[in-house]
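Visitor: Structure in structure tokens, see below.
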Amino acid sequence: MADSEVKEIQWTLHTTHPERVQEVRAKLSEVIDPEIGMTIIQLGLIRDVEITADGIGHVKMILTTPFCPYGPAMIEMTKAKAVEGLNMPVNIEMGMDMWDFSMMEDPSALDWGMYA
């Protein structure tokens, strides 16, 4: 199926600090959505990562649902892992985008036979 190919999400960091992308992705991949059992990277919840001119990391993320019961814990874990990956202070911005399967890096990973 052509729609199931893996597409790595491109952040501002890919252009400005490409040497940091792999470490940040690795650290953020340690954050798991406990309801779905997939990482926030796989789900496409990290919409952008950048480093501001004043040397602060900025992560824009969304949740799979606006009232996710694990949201606060996931946001705190994301911040902690981003600090580890970037080795600098990090601010988290919550985006208002509605999550859907097309945001996933590999939509076929969620093929549980529930959706046609």
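In the structure tokens, chains take the letters A, B, ... in the order shown, each chain's residues start at 1, and ligands count up from 1 in the order shown.
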Report as a Markdown table the residues of region 61-110 of chain A within 12 Å of region 22-38 of chain A, each with its shortest atom pair and distance in Å (one decimal), using only C-alpha atoms, ordered by chain and increasing residue number.
Guide:
| residue | atom | partner | partner_atom | distance |
| --- | --- | --- | --- | --- |
| A:Met61 | CA | A:Leu28 | CA | 11.2 |
| A:Ile62 | CA | A:Asp33 | CA | 11.8 |
| A:Leu63 | CA | A:Asp33 | CA | 9.1 |
| A:Thr64 | CA | A:Asp33 | CA | 8.9 |
| A:Thr65 | CA | A:Glu35 | CA | 11.0 |
| A:Cys68 | CA | A:Glu35 | CA | 9.2 |
| A:Pro69 | CA | A:Glu35 | CA | 9.3 |
| A:Tyr70 | CA | A:Pro34 | CA | 7.5 |
| A:Gly71 | CA | A:Asp33 | CA | 8.9 |
| A:Pro72 | CA | A:Asp33 | CA | 11.5 |
| A:Ala73 | CA | A:Asp33 | CA | 9.8 |
| A:Met74 | CA | A:Val31 | CA | 7.1 |
| A:Ile75 | CA | A:Val31 | CA | 9.3 |
| A:Glu76 | CA | A:Val31 | CA | 9.9 |
| A:Met77 | CA | A:Val31 | CA | 6.6 |
| A:Thr78 | CA | A:Leu28 | CA | 6.4 |
| A:Lys79 | CA | A:Leu28 | CA | 8.9 |
| A:Ala80 | CA | A:Leu28 | CA | 9.0 |
| A:Lys81 | CA | A:Lys27 | CA | 5.4 |
| A:Ala82 | CA | A:Leu28 | CA | 6.4 |
| A:Val83 | CA | A:Val24 | CA | 8.8 |
| A:Glu84 | CA | A:Lys27 | CA | 7.0 |
| A:Gly85 | CA | A:Val24 | CA | 4.4 |
| A:Leu86 | CA | A:Val24 | CA | 6.2 |
| A:Asn87 | CA | A:Val24 | CA | 9.5 |
| A:Met88 | CA | A:Val24 | CA | 11.5 |
| A:Val90 | CA | A:Val24 | CA | 11.8 |
| A:Met104 | CA | A:Met38 | CA | 10.3 |
| A:Glu105 | CA | A:Met38 | CA | 11.2 |
| A:Asp106 | CA | A:Met38 | CA | 11.0 |
| A:Pro107 | CA | A:Met38 | CA | 11.5 |
| A:Ala109 | CA | A:Met38 | CA | 8.9 |
| A:Leu110 | CA | A:Ile36 | CA | 9.0 |
Visitor: Where does DSSP see alpha helix (DSSP H) in chain A, if you list the residues as a ChimeraX atom specification?
Guide: /A:12-16,18-28,40-43,71-86
Visitor: Write to file, as a PDB file, in the first residue's frame, the residues of the selection just made, with C-alpha atoms.
Guide:
ATOM      1  CA  THR A  12      13.165  23.348  11.770  1.00  0.00           C
ATOM      2  CA  LEU A  13      16.083  21.588  13.510  1.00  0.00           C
ATOM      3  CA  HIS A  14      16.696  19.506  10.359  1.00  0.00           C
ATOM      4  CA  THR A  15      17.704  22.694   8.528  1.00  0.00           C
ATOM      5  CA  THR A  16      19.346  24.721  11.288  1.00  0.00           C
ATOM      6  CA  PRO A  18      21.008  18.727  11.374  1.00  0.00           C
ATOM      7  CA  GLU A  19      23.778  17.239  13.533  1.00  0.00           C
ATOM      8  CA  ARG A  20      21.411  17.312  16.542  1.00  0.00           C
ATOM      9  CA  VAL A  21      18.386  15.617  14.929  1.00  0.00           C
ATOM     10  CA  GLN A  22      19.386  12.001  15.541  1.00  0.00           C
ATOM     11  CA  GLU A  23      20.043  12.492  19.283  1.00  0.00           C
ATOM     12  CA  VAL A  24      16.807  14.456  19.794  1.00  0.00           C
ATOM     13  CA  ARG A  25      14.745  11.864  17.884  1.00  0.00           C
ATOM     14  CA  ALA A  26      16.336   9.070  19.916  1.00  0.00           C
ATOM     15  CA  LYS A  27      15.537  10.757  23.247  1.00  0.00           C
ATOM     16  CA  LEU A  28      11.991  11.740  22.234  1.00  0.00           C
ATOM     17  CA  ILE A  40       5.428  10.239  20.279  1.00  0.00           C
ATOM     18  CA  ILE A  41       7.791  10.209  17.280  1.00  0.00           C
ATOM     19  CA  GLN A  42       5.966   7.301  15.592  1.00  0.00           C
ATOM     20  CA  LEU A  43       2.626   9.007  16.205  1.00  0.00           C
ATOM     21  CA  GLY A  71      -1.330  14.375  28.562  1.00  0.00           C
ATOM     22  CA  PRO A  72       0.297  16.158  31.517  1.00  0.00           C
ATOM     23  CA  ALA A  73       2.676  13.249  32.191  1.00  0.00           C
ATOM     24  CA  MET A  74       3.554  12.933  28.487  1.00  0.00           C
ATOM     25  CA  ILE A  75       4.261  16.676  28.240  1.00  0.00           C
ATOM     26  CA  GLU A  76       6.579  16.549  31.278  1.00  0.00           C
ATOM     27  CA  MET A  77       8.380  13.467  29.957  1.00  0.00           C
ATOM     28  CA  THR A  78       8.706  15.091  26.522  1.00  0.00           C
ATOM     29  CA  LYS A  79      10.270  18.173  28.101  1.00  0.00           C
ATOM     30  CA  ALA A  80      12.711  16.081  30.142  1.00  0.00           C
ATOM     31  CA  LYS A  81      13.768  14.010  27.114  1.00  0.00           C
ATOM     32  CA  ALA A  82      14.088  17.111  24.907  1.00  0.00           C
ATOM     33  CA  VAL A  83      16.372  18.696  27.531  1.00  0.00           C
ATOM     34  CA  GLU A  84      18.497  15.515  27.462  1.00  0.00           C
ATOM     35  CA  GLY A  85      18.578  15.393  23.665  1.00  0.00           C
ATOM     36  CA  LEU A  86      19.340  19.075  23.112  1.00  0.00           C
TER      37      LEU A  86
END
Visitor: Return the single residue from A:Ile92, A:Val59, A:Met98, A:Val49 that is closest to Trp11 (chain A), with distances computed using only C-alpha atoms.
Guide: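 Among A:Ile92, A:Val59, A:Met98, A:Val49, it is A:Val49 that comes nearest to Trp11 (chain A).
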Visitor: Report the distance between CA of Gly95 (chain A) and CA of Leu45 (chain A) in Å, rounded to one decimal place.
Guide: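 CA of Gly95 (chain A) sits 9.5 Å away from CA of Leu45 (chain A).
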Visitor: Identify all residues of chain A in strand (DSSP E) (DSSP on the backbone) and supply them as a PyMOL selection string.
Guide: chain A and resi 32-33+38-39+46-51+57-61+90-94
